[in-house]
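Asks: Handing over coords_2.txt, compact mmCIF, C-alpha atoms.
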```txt
# COMPACT_ATOMS: atom_id res chain seq x y z
CA MET A 19 -72.60 -27.51 38.14
CA SER A 20 -75.02 -29.32 40.42
CA SER A 21 -78.57 -30.58 40.41
CA ALA A 22 -80.98 -30.38 43.32
CA ALA A 23 -79.66 -30.38 46.85
CA PRO A 24 -78.64 -33.68 48.46
CA ARG A 25 -81.32 -35.79 50.04
CA PRO A 26 -82.05 -34.94 53.67
CA ALA A 27 -81.37 -37.56 56.27
CA ASP A 28 -82.39 -38.44 59.77
CA GLN A 29 -79.76 -37.02 62.15
CA ASP A 30 -79.44 -40.43 63.79
CA HIS A 31 -78.98 -42.23 60.48
CA LEU A 32 -75.52 -43.77 60.10
CA TRP A 33 -74.61 -43.38 56.44
CA SER A 34 -72.48 -45.93 54.65
CA VAL A 35 -69.50 -44.79 52.58
CA ASP A 36 -71.29 -45.84 49.42
CA GLU A 37 -74.50 -43.97 50.30
CA HIS A 38 -72.62 -40.74 50.98
CA LEU A 39 -70.62 -40.98 47.74
CA GLU A 40 -73.73 -41.86 45.76
CA ASP A 41 -75.45 -38.75 47.12
CA ILE A 42 -72.50 -36.57 46.14
CA LEU A 43 -72.27 -37.95 42.60
CA ALA A 44 -76.03 -37.65 42.13
CA THR A 45 -75.79 -33.95 43.00
CA VAL A 46 -72.63 -32.91 41.17
CA ARG A 47 -72.97 -32.34 37.43
CA PRO A 48 -70.24 -31.83 34.79
CA LEU A 49 -69.32 -28.24 34.03
CA GLU A 50 -70.62 -26.67 30.81
CA PRO A 51 -68.28 -27.02 27.80
CA ILE A 52 -66.29 -24.05 26.52
CA GLU A 53 -63.91 -23.42 23.61
CA LEU A 54 -60.30 -22.98 24.76
CA GLN A 55 -56.92 -22.32 23.17
CA LEU A 56 -54.75 -25.41 23.14
CA LEU A 57 -52.45 -24.58 26.06
CA ASP A 58 -55.39 -23.38 28.13
CA ALA A 59 -57.08 -26.73 27.48
CA GLN A 60 -54.31 -28.80 29.07
CA GLY A 61 -55.78 -31.06 31.73
CA CYS A 62 -59.32 -30.57 30.41
CA VAL A 63 -61.65 -33.22 29.02
CA LEU A 64 -62.73 -33.24 25.37
CA VAL A 65 -66.48 -33.11 24.80
CA GLU A 66 -66.42 -34.11 21.13
CA ASP A 67 -64.48 -36.41 18.84
CA VAL A 68 -61.68 -34.74 16.89
CA THR A 69 -61.28 -35.77 13.25
CA VAL A 70 -58.05 -35.37 11.29
CA PRO A 71 -58.48 -32.71 8.57
CA VAL A 72 -55.09 -33.31 6.93
CA SER A 73 -52.89 -36.39 6.83
CA LEU A 74 -49.72 -36.62 8.93
CA PRO A 75 -47.23 -36.30 7.50
CA PRO A 76 -48.98 -34.28 4.77
CA PHE A 77 -46.39 -35.33 2.17
CA ASP A 78 -43.69 -37.96 1.62
CA ASN A 79 -40.55 -36.76 3.39
CA SER A 80 -37.08 -37.90 4.29
CA SER A 81 -36.31 -39.40 7.67
CA MET A 82 -32.55 -38.91 7.15
CA ASP A 83 -30.03 -36.40 5.95
CA GLY A 84 -28.75 -37.81 2.66
CA TYR A 85 -29.46 -37.95 -1.04
CA ALA A 86 -32.77 -38.46 -2.86
CA VAL A 87 -32.13 -40.80 -5.78
CA ARG A 88 -33.70 -43.29 -8.17
CA VAL A 89 -33.42 -46.94 -7.10
CA ALA A 90 -31.94 -48.09 -10.41
CA ASP A 91 -29.10 -45.60 -10.17
CA VAL A 92 -27.74 -47.09 -6.91
CA THR A 93 -28.48 -50.78 -7.54
CA GLY A 94 -25.28 -52.78 -7.01
CA ALA A 95 -23.36 -49.84 -5.54
CA SER A 96 -20.41 -50.77 -3.31
CA GLU A 97 -17.27 -49.19 -1.89
CA GLU A 98 -15.26 -50.84 -4.66
CA PHE A 99 -17.70 -49.82 -7.37
CA PRO A 100 -19.62 -46.79 -6.16
CA ALA A 101 -22.48 -45.22 -8.08
CA VAL A 102 -21.48 -41.74 -9.22
CA LEU A 103 -24.41 -39.31 -9.55
CA ASP A 104 -24.78 -35.68 -10.54
CA VAL A 105 -25.92 -33.52 -7.60
CA VAL A 106 -28.61 -31.14 -8.86
CA GLY A 107 -29.05 -29.12 -5.64
CA ASP A 108 -30.53 -29.12 -2.13
CA VAL A 109 -34.00 -29.96 -0.84
CA ALA A 110 -34.55 -28.44 2.62
CA ALA A 111 -37.44 -28.77 5.07
CA GLY A 112 -40.07 -26.15 4.29
CA GLN A 113 -38.87 -25.65 0.72
CA ALA A 114 -41.74 -24.76 -1.58
CA GLU A 115 -40.22 -25.34 -5.06
CA LEU A 116 -38.77 -28.81 -5.49
CA LEU A 117 -36.02 -29.98 -7.77
CA GLU A 118 -36.74 -32.89 -10.08
CA VAL A 119 -34.42 -35.88 -9.89
CA GLY A 120 -33.77 -37.50 -13.26
CA PRO A 121 -31.78 -40.59 -14.25
CA GLY A 122 -28.22 -40.44 -12.96
CA GLN A 123 -29.01 -37.56 -10.67
CA ALA A 124 -29.26 -37.00 -6.89
CA ALA A 125 -30.60 -34.17 -4.72
CA ARG A 126 -29.06 -33.48 -1.34
CA ILE A 127 -32.02 -33.80 1.08
CA MET A 128 -32.47 -32.84 4.72
CA THR A 129 -34.49 -34.63 7.39
CA GLY A 130 -38.16 -33.65 7.08
CA ALA A 131 -37.80 -32.27 3.55
CA PRO A 132 -40.30 -33.39 0.88
CA LEU A 133 -39.21 -36.21 -1.40
CA PRO A 134 -38.62 -34.47 -4.74
CA PRO A 135 -40.34 -35.58 -7.98
CA GLY A 136 -38.52 -38.41 -9.68
CA ALA A 137 -36.78 -39.63 -6.54
CA GLU A 138 -37.76 -43.08 -5.23
CA THR A 139 -35.60 -43.51 -2.15
CA VAL A 140 -33.16 -41.78 0.17
CA VAL A 141 -29.54 -42.80 0.65
CA PRO A 142 -28.19 -41.71 4.08
CA VAL A 143 -25.21 -39.36 3.81
CA GLU A 144 -23.11 -41.91 5.75
CA TRP A 145 -23.39 -44.24 2.71
CA THR A 146 -21.73 -41.60 0.51
CA ASP A 147 -18.64 -39.41 0.24
CA GLY A 148 -20.79 -36.31 0.83
CA GLY A 149 -19.65 -34.96 -2.53
CA LEU A 150 -16.10 -34.51 -1.26
CA GLY A 151 -14.48 -37.45 -3.10
CA GLU A 152 -12.65 -38.65 0.00
CA GLY A 153 -14.51 -41.84 0.94
CA PRO A 154 -17.46 -42.35 3.32
CA VAL A 155 -18.34 -39.39 5.53
CA SER A 156 -19.97 -39.29 8.97
CA GLY A 157 -22.30 -36.37 8.30
CA MET A 158 -23.38 -33.65 5.98
CA ARG A 159 -21.53 -30.35 6.02
CA ALA A 160 -23.61 -27.20 6.33
CA ARG A 161 -24.35 -25.47 3.04
CA SER A 162 -22.96 -22.22 4.43
CA LEU A 163 -19.61 -23.94 5.13
CA ALA A 164 -19.42 -25.98 1.95
CA PRO A 165 -21.73 -24.60 -0.75
CA GLU A 166 -19.94 -26.75 -3.30
CA GLY A 167 -21.47 -29.80 -1.66
CA ALA A 168 -24.83 -29.01 -3.25
CA GLU A 169 -23.45 -29.50 -6.74
CA GLY A 170 -20.93 -31.62 -8.59
CA HIS A 171 -20.88 -35.38 -8.01
CA VAL A 172 -21.55 -37.74 -5.15
CA HIS A 173 -20.23 -41.28 -4.73
CA VAL A 174 -22.78 -43.75 -3.30
CA TYR A 175 -21.31 -46.86 -1.67
CA ARG A 176 -24.45 -48.87 -0.86
CA PRO A 177 -27.75 -49.62 -2.66
CA ALA A 178 -31.12 -48.57 -1.25
CA GLU A 179 -34.52 -50.18 -1.67
CA ALA A 180 -37.54 -48.26 -2.88
CA ARG A 181 -39.02 -45.92 -0.24
CA ALA A 182 -36.11 -46.53 2.15
CA HIS A 183 -35.81 -43.74 4.74
CA VAL A 184 -39.00 -42.14 3.48
CA ARG A 185 -41.87 -41.23 5.81
CA ALA A 186 -44.97 -41.86 3.73
CA GLN A 187 -47.80 -39.36 3.54
CA GLY A 188 -50.46 -40.36 6.11
CA SER A 189 -48.20 -42.92 7.82
CA ASP A 190 -49.00 -41.28 11.19
CA VAL A 191 -52.69 -40.49 10.70
CA ARG A 192 -54.81 -40.05 7.59
CA ALA A 193 -57.31 -37.35 6.79
CA GLY A 194 -60.72 -38.46 8.08
CA ASP A 195 -59.28 -40.61 10.89
CA ARG A 196 -60.43 -39.97 14.43
CA ALA A 197 -57.55 -38.28 16.23
CA LEU A 198 -59.01 -38.16 19.74
CA ASP A 199 -62.20 -39.45 21.33
CA ALA A 200 -64.61 -37.40 23.39
CA GLY A 201 -63.75 -37.96 27.06
CA THR A 202 -59.99 -37.79 26.50
CA VAL A 203 -58.01 -35.82 29.07
CA LEU A 204 -55.68 -33.48 27.19
CA GLY A 205 -52.06 -33.98 28.22
CA PRO A 206 -48.90 -32.88 26.38
CA PRO A 207 -49.04 -35.65 23.71
CA GLN A 208 -52.69 -34.88 22.92
CA ILE A 209 -51.96 -31.15 22.74
CA ALA A 210 -49.12 -31.95 20.32
CA LEU A 211 -51.42 -34.00 18.10
CA LEU A 212 -54.07 -31.28 18.01
CA ALA A 213 -51.46 -28.71 17.02
CA ALA A 214 -50.00 -31.06 14.39
CA ILE A 215 -53.37 -31.41 12.66
CA GLY A 216 -53.94 -27.68 12.72
CA ARG A 217 -56.37 -27.29 15.61
CA GLY A 218 -55.77 -24.03 17.50
CA THR A 219 -58.79 -24.36 19.79
CA VAL A 220 -60.79 -27.25 21.15
CA ARG A 221 -64.12 -27.72 22.92
CA VAL A 222 -63.68 -29.05 26.45
CA ARG A 223 -65.12 -29.06 29.92
CA PRO A 224 -62.97 -26.64 31.92
CA ARG A 225 -60.94 -27.73 34.91
CA PRO A 226 -63.04 -27.24 38.05
CA ARG A 227 -62.16 -24.35 40.35
CA VAL A 228 -61.88 -25.73 43.88
CA VAL A 229 -61.58 -23.49 46.93
CA VAL A 230 -60.06 -25.13 50.02
CA MET A 231 -60.22 -23.64 53.49
CA SER A 232 -59.38 -24.97 56.93
CA THR A 233 -60.93 -23.80 60.18
CA GLY A 234 -59.55 -23.47 63.68
CA SER A 235 -58.21 -20.66 65.85
CA GLU A 236 -55.28 -22.89 66.77
CA LEU A 237 -53.97 -22.98 63.18
CA VAL A 238 -50.85 -21.03 62.20
CA GLN A 239 -49.38 -20.64 58.73
CA PRO A 240 -46.02 -22.29 57.99
CA ASP A 241 -42.99 -20.02 58.56
CA GLU A 242 -44.77 -18.26 61.41
CA GLY A 243 -43.90 -18.83 65.06
CA LEU A 244 -46.00 -21.21 67.14
CA GLY A 245 -47.64 -19.98 70.32
CA THR A 246 -48.98 -22.07 73.18
CA GLY A 247 -51.63 -24.52 71.96
CA GLN A 248 -51.04 -23.72 68.31
CA ILE A 249 -50.23 -26.03 65.38
CA TYR A 250 -49.32 -25.45 61.75
CA ASP A 251 -52.11 -25.62 59.18
CA SER A 252 -51.25 -28.64 57.03
CA ASN A 253 -54.75 -29.67 55.92
CA SER A 254 -55.37 -26.77 53.55
CA PHE A 255 -52.01 -27.39 51.87
CA ALA A 256 -52.62 -31.14 51.58
CA LEU A 257 -56.13 -30.76 50.17
CA THR A 258 -55.19 -27.96 47.76
CA ALA A 259 -52.35 -30.11 46.42
CA ALA A 260 -54.68 -33.11 46.22
CA ALA A 261 -57.26 -31.06 44.29
CA ARG A 262 -54.63 -30.01 41.78
CA ASP A 263 -53.47 -33.60 41.49
CA ALA A 264 -57.06 -34.59 40.71
CA GLY A 265 -57.15 -32.11 37.82
CA ALA A 266 -58.65 -29.00 39.41
CA ILE A 267 -57.56 -25.39 39.54
CA ALA A 268 -57.31 -25.11 43.31
CA TYR A 269 -57.25 -22.03 45.53
CA ARG A 270 -56.14 -22.20 49.14
CA VAL A 271 -57.70 -19.84 51.69
CA GLY A 272 -55.82 -19.13 54.91
CA ALA A 273 -57.18 -20.77 58.05
CA VAL A 274 -60.41 -19.22 59.33
CA ALA A 275 -60.77 -18.64 63.08
CA ASP A 276 -63.49 -20.36 65.13
CA ASP A 277 -66.16 -17.76 64.45
CA ALA A 278 -69.33 -18.70 62.57
CA GLU A 279 -69.99 -15.25 61.10
CA THR A 280 -66.40 -14.92 59.84
CA LEU A 281 -66.58 -18.35 58.25
CA ARG A 282 -69.93 -17.63 56.63
CA ALA A 283 -68.62 -14.35 55.19
CA THR A 284 -65.44 -16.02 53.92
CA ILE A 285 -67.41 -18.74 52.15
CA GLU A 286 -69.72 -16.16 50.55
CA ASP A 287 -66.67 -14.21 49.32
CA GLN A 288 -65.18 -17.34 47.75
CA LEU A 289 -68.31 -18.45 45.89
CA VAL A 290 -67.50 -16.20 42.93
CA ARG A 291 -64.46 -18.31 42.02
CA ALA A 292 -65.62 -21.76 43.12
CA ASP A 293 -67.15 -24.68 41.28
CA LEU A 294 -66.62 -26.69 44.47
CA LEU A 295 -65.91 -25.64 48.06
CA VAL A 296 -64.01 -27.84 50.51
CA THR A 297 -63.70 -27.10 54.22
CA THR A 298 -61.77 -29.06 56.77
CA GLY A 299 -62.43 -29.03 60.51
CA GLY A 300 -65.40 -27.99 62.61
CA VAL A 301 -67.86 -30.73 61.62
CA SER A 302 -67.95 -32.83 64.78
CA VAL A 303 -69.99 -32.27 67.95
CA GLY A 304 -67.68 -29.96 69.90
CA ALA A 305 -68.66 -26.54 71.23
CA TYR A 306 -66.33 -24.84 68.73
CA ASP A 307 -67.23 -26.79 65.59
CA VAL A 308 -68.00 -23.63 63.63
CA VAL A 309 -68.50 -25.15 60.17
CA LYS A 310 -71.50 -27.01 61.47
CA GLU A 311 -72.74 -23.92 63.30
CA ALA A 312 -72.20 -21.59 60.34
CA LEU A 313 -73.67 -23.80 57.62
CA SER A 314 -76.42 -25.83 59.27
CA SER A 315 -79.01 -23.13 58.50
CA VAL A 316 -77.61 -21.89 55.18
CA GLY A 317 -80.04 -21.85 52.27
CA ASP A 318 -83.27 -22.47 54.14
CA ALA A 319 -85.25 -19.52 52.81
CA ASP A 320 -83.07 -17.45 50.54
CA GLU A 321 -81.86 -20.28 48.31
CA PRO A 322 -84.53 -22.97 47.88
CA GLY A 323 -83.01 -26.35 47.12
CA SER A 324 -79.67 -25.60 48.77
CA GLY A 325 -78.33 -26.42 52.20
CA ILE A 326 -75.66 -28.45 53.99
CA ASP A 327 -76.42 -31.78 55.63
CA PHE A 328 -74.07 -32.94 58.41
CA ARG A 329 -73.81 -36.71 58.74
CA LYS A 330 -72.20 -39.56 60.56
CA LEU A 331 -70.63 -42.20 58.35
CA ALA A 332 -69.89 -45.83 59.15
CA MET A 333 -66.19 -45.40 58.41
CA GLN A 334 -62.88 -44.89 60.17
CA PRO A 335 -61.27 -42.42 59.95
CA GLY A 336 -63.72 -39.73 58.85
CA LYS A 337 -66.98 -40.42 60.66
CA PRO A 338 -68.27 -36.79 60.67
CA GLN A 339 -68.95 -35.41 57.17
CA GLY A 340 -70.95 -32.58 55.67
CA PHE A 341 -72.28 -32.19 52.14
CA GLY A 342 -74.67 -29.96 50.28
CA THR A 343 -74.95 -26.97 47.98
CA ILE A 344 -74.67 -23.29 48.75
CA GLY A 345 -75.25 -19.93 47.07
CA PRO A 346 -77.28 -18.84 44.03
CA ASP A 347 -75.57 -21.35 41.72
CA HIS A 348 -76.02 -24.25 44.16
CA THR A 349 -72.25 -24.68 44.43
CA PRO A 350 -71.38 -28.06 45.97
CA LEU A 351 -69.67 -27.92 49.36
CA LEU A 352 -67.97 -30.82 51.12
CA ALA A 353 -67.16 -30.34 54.80
CA LEU A 354 -64.42 -32.73 55.91
CA PRO A 355 -63.13 -33.58 59.39
CA GLY A 356 -60.17 -31.67 60.79
CA ASN A 357 -57.79 -34.47 61.72
CA PRO A 358 -55.14 -34.66 58.97
CA VAL A 359 -55.55 -38.32 58.08
CA SER A 360 -59.34 -38.12 58.30
CA SER A 361 -59.43 -35.12 55.97
CA TYR A 362 -57.07 -36.68 53.43
CA VAL A 363 -58.86 -40.05 53.38
CA SER A 364 -62.18 -38.21 53.06
CA PHE A 365 -60.78 -36.22 50.14
CA GLU A 366 -59.73 -39.36 48.31
CA LEU A 367 -63.06 -41.09 48.87
CA PHE A 368 -65.44 -38.17 48.27
CA VAL A 369 -63.86 -34.95 46.99
CA ARG A 370 -61.67 -36.46 44.28
CA PRO A 371 -64.62 -38.27 42.66
CA ALA A 372 -66.62 -35.01 42.81
CA ILE A 373 -63.82 -33.14 41.02
CA ARG A 374 -63.58 -35.83 38.36
CA ALA A 375 -67.36 -35.74 37.92
CA LEU A 376 -67.24 -31.96 37.41
CA MET A 377 -64.62 -32.57 34.71
CA GLY A 378 -67.02 -34.88 32.90
CA LEU A 379 -65.00 -38.06 33.32
CA ASP A 380 -66.78 -41.41 33.30
CA ASP A 381 -64.33 -43.11 35.67
CA VAL A 382 -64.02 -40.92 38.76
CA HIS A 383 -62.42 -43.41 41.12
CA ARG A 384 -58.87 -44.28 42.08
CA PRO A 385 -57.79 -47.70 40.77
CA ARG A 386 -58.24 -50.61 43.15
CA THR A 387 -56.54 -53.97 43.34
CA ARG A 388 -56.16 -57.00 45.59
CA ALA A 389 -52.98 -57.50 47.58
CA THR A 390 -51.58 -59.86 50.20
CA LEU A 391 -51.29 -58.28 53.64
CA THR A 392 -47.84 -58.34 55.23
CA ALA A 393 -47.83 -57.32 58.89
CA ASP A 394 -46.34 -58.30 62.23
CA LYS A 395 -49.76 -59.00 63.70
CA ALA A 396 -53.41 -59.05 62.79
CA LEU A 397 -55.11 -55.76 61.92
CA THR A 398 -58.11 -54.93 64.05
CA SER A 399 -61.10 -52.92 62.90
CA PRO A 400 -64.23 -51.66 64.69
CA LYS A 401 -67.36 -53.64 63.95
CA GLY A 402 -69.79 -51.92 61.62
CA ARG A 403 -67.20 -49.46 60.28
CA ARG A 404 -65.38 -49.58 56.97
CA GLN A 405 -61.80 -48.84 57.88
CA PHE A 406 -59.20 -47.27 55.60
CA LEU A 407 -55.64 -47.86 56.78
CA ARG A 408 -52.60 -46.22 55.24
CA GLY A 409 -50.45 -48.74 53.43
CA ALA A 410 -47.31 -49.24 51.37
CA TYR A 411 -48.11 -51.29 48.25
CA ALA A 412 -45.62 -52.99 45.92
CA ASP A 413 -45.72 -56.05 43.66
CA GLY A 414 -48.97 -57.49 44.96
CA PHE A 415 -48.18 -57.02 48.66
CA VAL A 416 -49.28 -54.29 51.05
CA SER A 417 -48.17 -53.47 54.58
CA PRO A 418 -49.69 -50.98 57.04
CA VAL A 419 -47.85 -47.69 57.60
CA GLY A 420 -48.11 -45.98 60.99
CA GLY A 421 -50.77 -46.49 63.61
CA ALA A 422 -54.51 -46.04 63.52
CA GLY A 423 -54.47 -42.47 64.87
CA SER A 424 -56.11 -39.93 62.58
CA HIS A 425 -53.53 -37.26 63.47
CA LEU A 426 -50.43 -39.10 62.23
CA VAL A 427 -49.23 -36.99 59.29
CA ALA A 428 -45.73 -38.49 59.06
CA ALA A 429 -47.10 -41.97 58.35
CA LEU A 430 -49.42 -40.56 55.71
CA ALA A 431 -46.41 -39.22 53.82
CA GLN A 432 -45.03 -42.78 53.54
CA ALA A 433 -48.25 -44.32 52.19
CA ASN A 434 -49.12 -44.95 48.56
CA ALA A 435 -52.32 -46.91 49.18
CA LEU A 436 -55.29 -47.37 51.48
CA ILE A 437 -56.03 -50.80 52.90
CA VAL A 438 -59.80 -51.36 52.98
CA VAL A 439 -61.25 -53.39 55.86
CA PRO A 440 -64.98 -54.07 55.29
CA GLU A 441 -67.67 -53.27 57.86
CA ASP A 442 -68.24 -56.92 58.78
CA VAL A 443 -64.55 -57.72 59.38
CA GLU A 444 -63.00 -57.11 62.82
CA SER A 445 -59.62 -58.75 62.31
CA VAL A 446 -57.37 -59.33 59.29
CA GLU A 447 -54.55 -61.85 59.65
CA PRO A 448 -51.19 -61.46 57.87
CA GLY A 449 -51.25 -63.31 54.53
CA THR A 450 -54.89 -62.44 53.93
CA GLU A 451 -55.83 -60.93 50.58
CA VAL A 452 -57.25 -57.43 51.03
CA GLU A 453 -58.66 -54.71 48.83
CA VAL A 454 -56.33 -51.78 48.21
CA VAL A 455 -57.00 -48.28 46.88
CA LEU A 456 -53.94 -47.11 44.93
CA LEU A 457 -53.10 -43.47 45.61
CA GLY A 458 -50.08 -43.01 43.36
```
Reformat the file's structure so that it appears as structure tokens.

Replies:
Amino acid sequence: MSSAAPRPADQDHLWSVDEHLEDILATVRPLEPIELQLLDAQGCVLVEDVTVPVSLPPFDNSSMDGYAVRVADVTGASEEFPAVLDVVGDVAAGQAELLEVGPGQAARIMTGAPLPPGAETVVPVEWTDGGLGEGPVSGMRARSLAPEGAEGHVHVYRPAEARAHVRAQGSDVRAGDRALDAGTVLGPPQIALLAAIGRGTVRVRPRPRVVVMSTGSELVQPDEGLGTGQIYDSNSFALTAAARDAGAIAYRVGAVADDAETLRATIEDQLVRADLLVTTGGVSVGAYDVVKEALSSVGDADEPGSGIDFRKLAMQPGKPQGFGTIGPDHTPLLALPGNPVSSYVSFELFVRPAIRALMGLDDVHRPRTRATLTADKALTSPKGRRQFLRGAYADGFVSPVGGAGSHLVAALAQANALIVVPEDVESVEPGTEVEVVLLG
């Protein structure tokens, strides 16, 4: 899960964004692989290459409802001079014993059914009279409704080339081919492929279990009434949703009041189901910043190598951050600021990469691009801080959304990108090319 605890730092040291992330990724380790049933493995990362044991399709089969015939028997067929063939029976999908098609004969064949011995091509039913003797038909009648259609004669009005409308054995993948590479995230198409080649289980790194909790006596759950000085808890919902979006199994814990002992007990209770803990709020320098109070001394004697380091980062928003490991398994814990925008930006920059690292992915970062800034006026940024502004990105252009305040949740809901202003830049003029982190 994690290696040794993060490196200690001087309390006055101002960490860069890159230093903090580097420390997190150096500490977090991919989860141990396990064998899972296919549907349980959805969203997980393969730890080994998967080789195809049997070709797909495993046999030549028809891609159409029609008639399996020999090429010579339908050569030159037309509506004026149709080829008339003896129908020797039906070939259905899943049929074990196959008819043999001889000269002058045809077998009625269904989509997906094996090409019978002797047959060289498939004539779609629309090119025939369907055995009814009344000219071209639009489809094949069900055997239960017209059992006579499986015998007698069929008129074929068009020729067919060899192997027409035939899916060849191994035309999808061949036995011995590599179906999926190690490191692949298993989505629905990959699950389908594994099932199609007969794999019922697969070896993967499990999805990380992430526990999210917010702190603050002022927080009230949605659907409850607000009292004086109270606000609804949005952070825990946002971060739990973000953790799931990143690929984790996320558990949300109701807001914890501003009491260090209560918080400490809650965290200890949650360790049993956590590969990663995320808290939001209580990491600044206020008198009621309980996360800092509760966790600053954790792990000193009882758990050598663990502990939480609270830091100041050269970034805006999100200057106060905490990171370390806790408990007997050295479970990573990231303590994020409490302001909604600060917590969400911090999640994207630090927690999401940690989740992806636990999954065993090589690329843990959101995609980035360059875009032209469109704005009414220049963007300002504090010197020495890397600023992340919410933005709306489309077609190579990005515009800021909302103000700079770290409490503005409504603007966050309109953003699909973060505009990055480097530490050494204090003003960005409209029309300037900027770096953009894509969130969608």

Asks: A:Leu351, A:Ala111, A:Ile437, A:Leu367: which is nearest Thr392 in chain A, counting only C-alpha atoms?

Replies: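 Nearest to Thr392 in chain A: A:Ile437.
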
Asks: CA of Gly458 in chain A to CA of Leu64 in chain A: how many Å, to one decimal?

Replies: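 Interatomic distance, CA of Gly458 in chain A to CA of Leu64 in chain A: 24.1 Å.
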
Asks: Could you list, as JSON, numbers by chain, every residue within 9 Å of range 232-248 of chain A, counting only C-alpha atoms and ignoring same-chain residues fewer than 5 positions away?

Replies: {"A": [253, 254, 270, 271, 272, 273, 274, 275, 276, 277, 281, 296, 297, 298, 299, 300, 306, 307, 308, 309, 356]}

Asks: If we count all atoms listed in the file, what is near Asp108 in chain A at a cut-off of 8 Å, once residues fewer than 6 positions away on the same chain are taken out, given as a list in words?

Replies: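 Using all atoms listed in the file, the neighbours found are Leu117, Ala125, Arg126, Ile127 and Ala168 of chain A.
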
Asks: Given only C-alpha atoms as the basis, pick out the residue of A:Ala186, A:Ala412, A:Met82, A:Ala264 nearest to Pro371 in chain A.

Replies: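 Under the stated criterion, the closest residue is A:Ala264.
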
Asks: Please provide as a count of residues only all residues within 9 Å of range 397-406 of chain A, with the sequence filter that same-chain residues fewer than 3 positions apart are discarded (counting all atoms listed in the file).

Replies: 23

Asks: Which neighbours of Val416 in chain A fall inside 7 Å, counting all atoms listed in the file, when residues of the same chain fewer than 4 positions from it are skipped, and could you give them as a list in words?

Replies: Ala389, Thr390, Leu391, Thr392, Gly409, Ala410, Tyr411 and Ala412 of chain A
